[in-house]
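For reference, the structure discussed in these notes is given below.
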Amino acid sequence: MTLLIKCMHLPFSFSSRMVSPAIALAFLPLLLTLIIRYRYYFVLFYRAVLVRIWKDCVTGLSREERAFQYVLTNSTPGDPDSILDAFDYWCSKVEFISNIGPKKGKILDRLLMEQSPLTVLELGAHCGYSTVRIARALPLGARLYSIEMDQGNAAIAEKIIRLAGFDDDTVELIVNPSDEVIPRLRSDYNLERLDFVFMDHWKKCYLPDLQLLEGYGLLGKGSMIVADNVLFPGAPKFLRYLRKCGLYEWKIHRATLEYSRGIRDGMAELIYQGIK
């Protein structure tokens with residue numbers, strides 16, 4: 001009887017061993033398709049996350065500190081173009097940092113030249129890349145107020161801004177969360193109206209911060225707001241609001257993610273029309 005039971009189990013066990021590789025082979029084309037389709041995202045994950053973790057452990061420095069060290073030794077003090085070039089090389093060839101980058105940066109440059117704003121607000125200085133990019137395009141007498149909530153990043157941004165040759169009269173760095181600073185811009189910084197706003201901080205903050213700017217009367221007819229990364233990682237609530245509110249003429253400048261290939265992104269350009 002025992003021998004009979006063992007014999008009855010043999011075909012099932014044998015067929016199970018045969019089916020498993022067959023199932024694996026069946027899924028192989030699907031796996032390869034996913035790898036090929038999302039290969040740029042895998043590369044981004046490797047560069048933005050895995051390399052960062054490894055180098056944090058090896059160097060004992062933050063990614064932003066490593067970027068600053070490279071820029072400091074590979075750029076010319078007082079030359080904003082040289083500093084941006086050094087940043088672009090480091091971010092494309094060494095480690096990934098989510099600056100606006102050179103391709104979308106040229107769109108930002110053009111909008112600044114067209115608008116020629118005198119009062120500019122930046123939400124999210126990070127390492128100071130976009131701060132330098134904006135400051136170099138401003139007309140004489142203009143002033144840029146840059147908000148960065150992270151004290152470590154703000155310290156790096158301050159060094160980069162001063163290395164580029166911009167003083168406090170041109171760029172003022174404010175270290176605090178944006179939702180705490182915006183309500184105080186009029187009382188603490190004597191700002192009546194913003195001509196230009198650049199958003200490149202937490203994407204979930206885009207909509208509430210835009211509504212704060214509206215609510216505190218800091219936008220006038222013709223004020224321009226440019227928001228980066230609205231498609232990737234994305235700011236869906238922000239875009240839904242733009243479609244429904246009727247306060248802006250707006251469009252999206254489509255591009256690829258900074259320092260990456262194959263990942264679609266875009267910047268939103270808004271022109272405030274005022275309350276109708």
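Each chain in the structure tokens gets a letter, A, B and so on, in the order shown; residues start at 1 in every chain, and ligands are counted from 1 in the order they appear.
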Requested in this report: Give the helix (DSSP H, G or I) residues of segment 14-255 of chain A, as DSSP finds them on the backbone, and put them as a ChimeraX atom specification.
Outcome: /A:14-37,39-59,63-73,80-94,101-115,129-136,151-163,178-189,203-215,230-234,236-245
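Here the DSSP assignment of strand (DSSP E or B), based on backbone atoms, applies within segment 15-207 of chain A to Thr119, Val120, Leu121, Glu122, Leu123, Arg143, Leu144, Tyr145, Ser146, Ile147, Glu148, Val171, Glu172, Leu173, Ile174, Val175, Leu194, Asp195, Phe196, Val197, Phe198 and Met199 of chain A.
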Hey, can you spit out that residue selection with N, CA, C and O atoms as a PDB file, in the first residue's frame?
```
ATOM      1  N   THR A 119      10.855  91.791  -9.672  1.00  0.00           N
ATOM      2  CA  THR A 119      10.671  91.103  -8.387  1.00  0.00           C
ATOM      3  C   THR A 119      10.353  89.639  -8.666  1.00  0.00           C
ATOM      4  O   THR A 119       9.317  89.325  -9.255  1.00  0.00           O
ATOM      5  N   VAL A 120      11.263  88.761  -8.219  1.00  0.00           N
ATOM      6  CA  VAL A 120      11.152  87.333  -8.544  1.00  0.00           C
ATOM      7  C   VAL A 120      11.165  86.519  -7.257  1.00  0.00           C
ATOM      8  O   VAL A 120      11.938  86.810  -6.326  1.00  0.00           O
ATOM      9  N   LEU A 121      10.318  85.495  -7.212  1.00  0.00           N
ATOM     10  CA  LEU A 121      10.285  84.564  -6.089  1.00  0.00           C
ATOM     11  C   LEU A 121      10.614  83.169  -6.592  1.00  0.00           C
ATOM     12  O   LEU A 121      10.014  82.696  -7.562  1.00  0.00           O
ATOM     13  N   GLU A 122      11.559  82.517  -5.920  1.00  0.00           N
ATOM     14  CA  GLU A 122      11.886  81.130  -6.224  1.00  0.00           C
ATOM     15  C   GLU A 122      11.475  80.269  -5.040  1.00  0.00           C
ATOM     16  O   GLU A 122      11.873  80.535  -3.901  1.00  0.00           O
ATOM     17  N   LEU A 123      10.712  79.224  -5.311  1.00  0.00           N
ATOM     18  CA  LEU A 123      10.305  78.279  -4.276  1.00  0.00           C
ATOM     19  C   LEU A 123      11.101  76.995  -4.462  1.00  0.00           C
ATOM     20  O   LEU A 123      10.831  76.208  -5.365  1.00  0.00           O
ATOM     21  N   ARG A 143      15.430  91.998  -8.136  1.00  0.00           N
ATOM     22  CA  ARG A 143      15.791  91.254  -6.924  1.00  0.00           C
ATOM     23  C   ARG A 143      15.084  89.913  -6.900  1.00  0.00           C
ATOM     24  O   ARG A 143      13.909  89.807  -7.258  1.00  0.00           O
ATOM     25  N   LEU A 144      15.831  88.904  -6.480  1.00  0.00           N
ATOM     26  CA  LEU A 144      15.325  87.533  -6.390  1.00  0.00           C
ATOM     27  C   LEU A 144      15.260  87.112  -4.933  1.00  0.00           C
ATOM     28  O   LEU A 144      16.251  87.208  -4.205  1.00  0.00           O
ATOM     29  N   TYR A 145      14.080  86.657  -4.511  1.00  0.00           N
ATOM     30  CA  TYR A 145      13.887  86.099  -3.182  1.00  0.00           C
ATOM     31  C   TYR A 145      13.754  84.594  -3.345  1.00  0.00           C
ATOM     32  O   TYR A 145      12.833  84.112  -3.997  1.00  0.00           O
ATOM     33  N   SER A 146      14.683  83.854  -2.752  1.00  0.00           N
ATOM     34  CA  SER A 146      14.716  82.401  -2.924  1.00  0.00           C
ATOM     35  C   SER A 146      14.440  81.719  -1.590  1.00  0.00           C
ATOM     36  O   SER A 146      15.118  81.991  -0.594  1.00  0.00           O
ATOM     37  N   ILE A 147      13.455  80.833  -1.571  1.00  0.00           N
ATOM     38  CA  ILE A 147      13.041  80.150  -0.348  1.00  0.00           C
ATOM     39  C   ILE A 147      13.510  78.700  -0.388  1.00  0.00           C
ATOM     40  O   ILE A 147      13.283  77.989  -1.358  1.00  0.00           O
ATOM     41  N   GLU A 148      14.171  78.272   0.685  1.00  0.00           N
ATOM     42  CA  GLU A 148      14.611  76.890   0.837  1.00  0.00           C
ATOM     43  C   GLU A 148      14.389  76.473   2.291  1.00  0.00           C
ATOM     44  O   GLU A 148      14.889  77.119   3.209  1.00  0.00           O
ATOM     45  N   VAL A 171      20.212  88.732  -4.616  1.00  0.00           N
ATOM     46  CA  VAL A 171      19.580  87.472  -4.202  1.00  0.00           C
ATOM     47  C   VAL A 171      19.499  87.416  -2.682  1.00  0.00           C
ATOM     48  O   VAL A 171      20.520  87.515  -1.997  1.00  0.00           O
ATOM     49  N   GLU A 172      18.295  87.263  -2.174  1.00  0.00           N
ATOM     50  CA  GLU A 172      18.106  87.061  -0.744  1.00  0.00           C
ATOM     51  C   GLU A 172      17.585  85.643  -0.522  1.00  0.00           C
ATOM     52  O   GLU A 172      16.523  85.274  -1.031  1.00  0.00           O
ATOM     53  N   LEU A 173      18.341  84.865   0.233  1.00  0.00           N
ATOM     54  CA  LEU A 173      17.960  83.481   0.527  1.00  0.00           C
ATOM     55  C   LEU A 173      17.222  83.440   1.856  1.00  0.00           C
ATOM     56  O   LEU A 173      17.723  83.915   2.877  1.00  0.00           O
ATOM     57  N   ILE A 174      16.024  82.865   1.829  1.00  0.00           N
ATOM     58  CA  ILE A 174      15.166  82.788   3.020  1.00  0.00           C
ATOM     59  C   ILE A 174      15.041  81.323   3.414  1.00  0.00           C
ATOM     60  O   ILE A 174      14.567  80.496   2.625  1.00  0.00           O
ATOM     61  N   VAL A 175      15.450  80.994   4.621  1.00  0.00           N
ATOM     62  CA  VAL A 175      15.469  79.598   5.063  1.00  0.00           C
ATOM     63  C   VAL A 175      14.269  79.340   5.968  1.00  0.00           C
ATOM     64  O   VAL A 175      14.297  79.602   7.178  1.00  0.00           O
ATOM     65  N   LEU A 194       4.559  90.249  -7.163  1.00  0.00           N
ATOM     66  CA  LEU A 194       5.610  89.429  -7.759  1.00  0.00           C
ATOM     67  C   LEU A 194       5.439  89.417  -9.272  1.00  0.00           C
ATOM     68  O   LEU A 194       4.353  89.125  -9.779  1.00  0.00           O
ATOM     69  N   ASP A 195       6.512  89.737  -9.975  1.00  0.00           N
ATOM     70  CA  ASP A 195       6.457  89.718 -11.438  1.00  0.00           C
ATOM     71  C   ASP A 195       6.648  88.307 -11.992  1.00  0.00           C
ATOM     72  O   ASP A 195       6.119  87.976 -13.050  1.00  0.00           O
ATOM     73  N   PHE A 196       7.420  87.491 -11.252  1.00  0.00           N
ATOM     74  CA  PHE A 196       7.797  86.170 -11.763  1.00  0.00           C
ATOM     75  C   PHE A 196       7.982  85.228 -10.572  1.00  0.00           C
ATOM     76  O   PHE A 196       8.610  85.593  -9.572  1.00  0.00           O
ATOM     77  N   VAL A 197       7.436  84.023 -10.692  1.00  0.00           N
ATOM     78  CA  VAL A 197       7.582  82.995  -9.649  1.00  0.00           C
ATOM     79  C   VAL A 197       8.074  81.711 -10.308  1.00  0.00           C
ATOM     80  O   VAL A 197       7.515  81.282 -11.323  1.00  0.00           O
ATOM     81  N   PHE A 198       9.113  81.120  -9.726  1.00  0.00           N
ATOM     82  CA  PHE A 198       9.594  79.829 -10.213  1.00  0.00           C
ATOM     83  C   PHE A 198       9.400  78.789  -9.114  1.00  0.00           C
ATOM     84  O   PHE A 198       9.903  78.944  -7.996  1.00  0.00           O
ATOM     85  N   MET A 199       8.674  77.722  -9.433  1.00  0.00           N
ATOM     86  CA  MET A 199       8.389  76.646  -8.473  1.00  0.00           C
ATOM     87  C   MET A 199       9.192  75.409  -8.827  1.00  0.00           C
ATOM     88  O   MET A 199       9.066  74.875  -9.932  1.00  0.00           O
TER      89      MET A 199
END
```
Requested in this report: Kindly indicate which residue among A:Ile225, A:Ala67, A:Leu219, A:Cys91 lies nearest to Lys159 of chain A, using only C-alpha atoms for the distances.
Outcome: A:Ala67
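Distance check against Leu207 of chain A using only C-alpha atoms: of A:Lys55, A:Arg261, A:Lys93, A:Arg240, the minimum falls on A:Arg240.
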Query - Pick from A:Arg39, A:Leu247, A:Arg193, A:His253 nearest to Leu111 of chain A, counting only C-alpha atoms - result: A:His253
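Interatomic distance, atom CA of Ser260 of chain A to atom CA of Leu44 of chain A: 7.3 Å.
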Requested in this report: Find the residues around Arg133 of chain A up to 12 Å (only C-alpha atoms counted), leave out those fewer than 3 positions away in its own chain, and share them as a count of residues only.
Outcome: 38
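The two atoms in question, atom CA of Leu118 of chain A and atom CA of Cys245 of chain A, are spaced 26.8 Å apart.
Picture a line from atom CA of Tyr40 of chain A to atom CA of Ala235 of chain A; it runs 20.5 Å.
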**Report entry** Polymer residues at most 7 Å from Ala86 of chain A, only C-alpha atoms, same-chain spacing of 5 or more positions, as a list in words
**Finding:** Val71, Asn74 and Ser75 of chain A
Report task. Excluding Arg63 of chain A and any residue of its chain fewer than 2 positions from it, enumerate the residues within 12 Å of it, using only C-alpha atoms, and give them as number ranges by chain. Result -> A: 47-61, 65-70, 90-91, 94-98, 126-127, 152-153, 156
Just N, CA, C and O atoms for this one: save the residues we selected as a tab-separated table (two decimals), in the first residue's frame.
```tsv
chain	number	residue	atom	x	y	z
A	47	ARG	N	21.03	55.80	-10.46
A	47	ARG	CA	21.83	57.01	-10.32
A	47	ARG	C	21.37	57.88	-9.15
A	47	ARG	O	22.18	58.46	-8.43
A	48	ALA	N	20.04	57.99	-8.97
A	48	ALA	CA	19.51	58.92	-7.97
A	48	ALA	C	19.45	58.33	-6.57
A	48	ALA	O	19.52	59.07	-5.59
A	49	VAL	N	19.34	57.01	-6.48
A	49	VAL	CA	19.15	56.38	-5.15
A	49	VAL	C	20.34	55.51	-4.76
A	49	VAL	O	20.98	55.76	-3.73
A	50	LEU	N	20.65	54.50	-5.57
A	50	LEU	CA	21.68	53.54	-5.17
A	50	LEU	C	23.07	54.19	-5.10
A	50	LEU	O	23.81	53.98	-4.13
A	51	VAL	N	23.42	54.96	-6.13
A	51	VAL	CA	24.73	55.63	-6.12
A	51	VAL	C	24.82	56.61	-4.96
A	51	VAL	O	25.85	56.71	-4.29
A	52	ARG	N	23.73	57.31	-4.71
A	52	ARG	CA	23.72	58.28	-3.60
A	52	ARG	C	23.96	57.58	-2.26
A	52	ARG	O	24.77	58.05	-1.44
A	53	ILE	N	23.25	56.49	-2.01
A	53	ILE	CA	23.41	55.77	-0.74
A	53	ILE	C	24.84	55.28	-0.57
A	53	ILE	O	25.46	55.44	0.50
A	54	TRP	N	25.38	54.71	-1.65
A	54	TRP	CA	26.75	54.19	-1.59
A	54	TRP	C	27.76	55.31	-1.31
A	54	TRP	O	28.61	55.20	-0.42
A	55	LYS	N	27.64	56.42	-2.02
A	55	LYS	CA	28.61	57.51	-1.84
A	55	LYS	C	28.41	58.25	-0.53
A	55	LYS	O	29.37	58.77	0.03
A	56	ASP	N	27.20	58.30	-0.03
A	56	ASP	CA	26.98	58.86	1.31
A	56	ASP	C	27.77	58.08	2.35
A	56	ASP	O	28.40	58.65	3.24
A	57	CYS	N	27.74	56.75	2.22
A	57	CYS	CA	28.44	55.88	3.17
A	57	CYS	C	29.96	55.99	3.00
A	57	CYS	O	30.71	56.04	4.00
A	58	VAL	N	30.42	56.02	1.77
A	58	VAL	CA	31.86	56.02	1.49
A	58	VAL	C	32.51	57.35	1.85
A	58	VAL	O	33.59	57.39	2.45
A	59	THR	N	31.84	58.47	1.51
A	59	THR	CA	32.47	59.79	1.68
A	59	THR	C	32.14	60.45	3.01
A	59	THR	O	32.90	61.31	3.48
A	60	GLY	N	31.01	60.09	3.62
A	60	GLY	CA	30.58	60.77	4.83
A	60	GLY	C	30.03	62.16	4.55
A	60	GLY	O	29.77	62.93	5.49
A	61	LEU	N	29.84	62.50	3.28
A	61	LEU	CA	29.30	63.80	2.89
A	61	LEU	C	27.94	63.60	2.23
A	61	LEU	O	27.66	62.54	1.67
A	65	GLU	N	26.81	68.33	-0.72
A	65	GLU	CA	28.18	68.74	-0.36
A	65	GLU	C	29.18	68.25	-1.40
A	65	GLU	O	30.13	68.97	-1.74
A	66	ARG	N	28.97	67.05	-1.92
A	66	ARG	CA	29.87	66.53	-2.95
A	66	ARG	C	29.76	67.37	-4.23
A	66	ARG	O	30.76	67.65	-4.89
A	67	ALA	N	28.54	67.77	-4.56
A	67	ALA	CA	28.35	68.62	-5.74
A	67	ALA	C	29.05	69.95	-5.55
A	67	ALA	O	29.71	70.45	-6.48
A	68	PHE	N	28.93	70.53	-4.37
A	68	PHE	CA	29.57	71.82	-4.12
A	68	PHE	C	31.08	71.71	-4.23
A	68	PHE	O	31.74	72.59	-4.81
A	69	GLN	N	31.65	70.65	-3.69
A	69	GLN	CA	33.10	70.47	-3.78
A	69	GLN	C	33.56	70.40	-5.23
A	69	GLN	O	34.59	70.99	-5.60
A	70	TYR	N	32.79	69.70	-6.07
A	70	TYR	CA	33.16	69.61	-7.48
A	70	TYR	C	33.07	70.97	-8.15
A	70	TYR	O	33.98	71.38	-8.89
A	90	TRP	N	28.60	67.58	-13.56
A	90	TRP	CA	28.55	66.69	-12.38
A	90	TRP	C	27.23	65.91	-12.34
A	90	TRP	O	27.22	64.71	-12.06
A	91	CYS	N	26.14	66.60	-12.63
A	91	CYS	CA	24.82	65.97	-12.54
A	91	CYS	C	24.57	64.98	-13.67
A	91	CYS	O	23.80	64.03	-13.51
A	94	VAL	N	28.39	62.34	-13.12
A	94	VAL	CA	28.86	61.83	-11.83
A	94	VAL	C	27.69	61.32	-10.98
A	94	VAL	O	27.56	60.14	-10.73
A	95	GLU	N	26.85	62.23	-10.51
A	95	GLU	CA	25.68	61.86	-9.72
A	95	GLU	C	24.48	62.68	-10.16
A	95	GLU	O	24.63	63.80	-10.66
A	96	PHE	N	23.30	62.13	-9.94
A	96	PHE	CA	22.07	62.82	-10.36
A	96	PHE	C	21.57	63.74	-9.25
A	96	PHE	O	21.45	63.34	-8.10
A	97	ILE	N	21.31	64.99	-9.63
A	97	ILE	CA	20.58	65.92	-8.77
A	97	ILE	C	19.49	66.55	-9.63
A	97	ILE	O	19.73	66.91	-10.78
A	98	SER	N	18.32	66.71	-9.06
A	98	SER	CA	17.18	67.21	-9.83
A	98	SER	C	17.18	68.73	-9.90
A	98	SER	O	16.34	69.41	-9.33
A	126	HIS	N	17.24	74.55	-3.35
A	126	HIS	CA	18.05	73.34	-3.31
A	126	HIS	C	19.53	73.70	-3.24
A	126	HIS	O	19.95	74.30	-2.27
A	127	CYS	N	20.33	73.39	-4.27
A	127	CYS	CA	21.77	73.68	-4.22
A	127	CYS	C	22.13	75.05	-4.78
A	127	CYS	O	23.30	75.42	-4.81
A	152	GLY	N	20.53	72.49	5.53
A	152	GLY	CA	21.74	71.98	4.90
A	152	GLY	C	21.84	72.39	3.45
A	152	GLY	O	22.90	72.86	2.98
A	153	ASN	N	20.75	72.22	2.71
A	153	ASN	CA	20.73	72.64	1.31
A	153	ASN	C	20.89	74.15	1.17
A	153	ASN	O	21.57	74.64	0.26
A	156	ILE	N	24.50	75.19	1.36
A	156	ILE	CA	25.19	74.96	0.09
A	156	ILE	C	24.77	76.01	-0.94
A	156	ILE	O	25.60	76.58	-1.66
```
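Using only C-alpha atoms, the smallest distance between any of A:Val43, A:Ala142, A:Ile275, A:Leu212 and Gln115 of chain A comes from A:Ala142.
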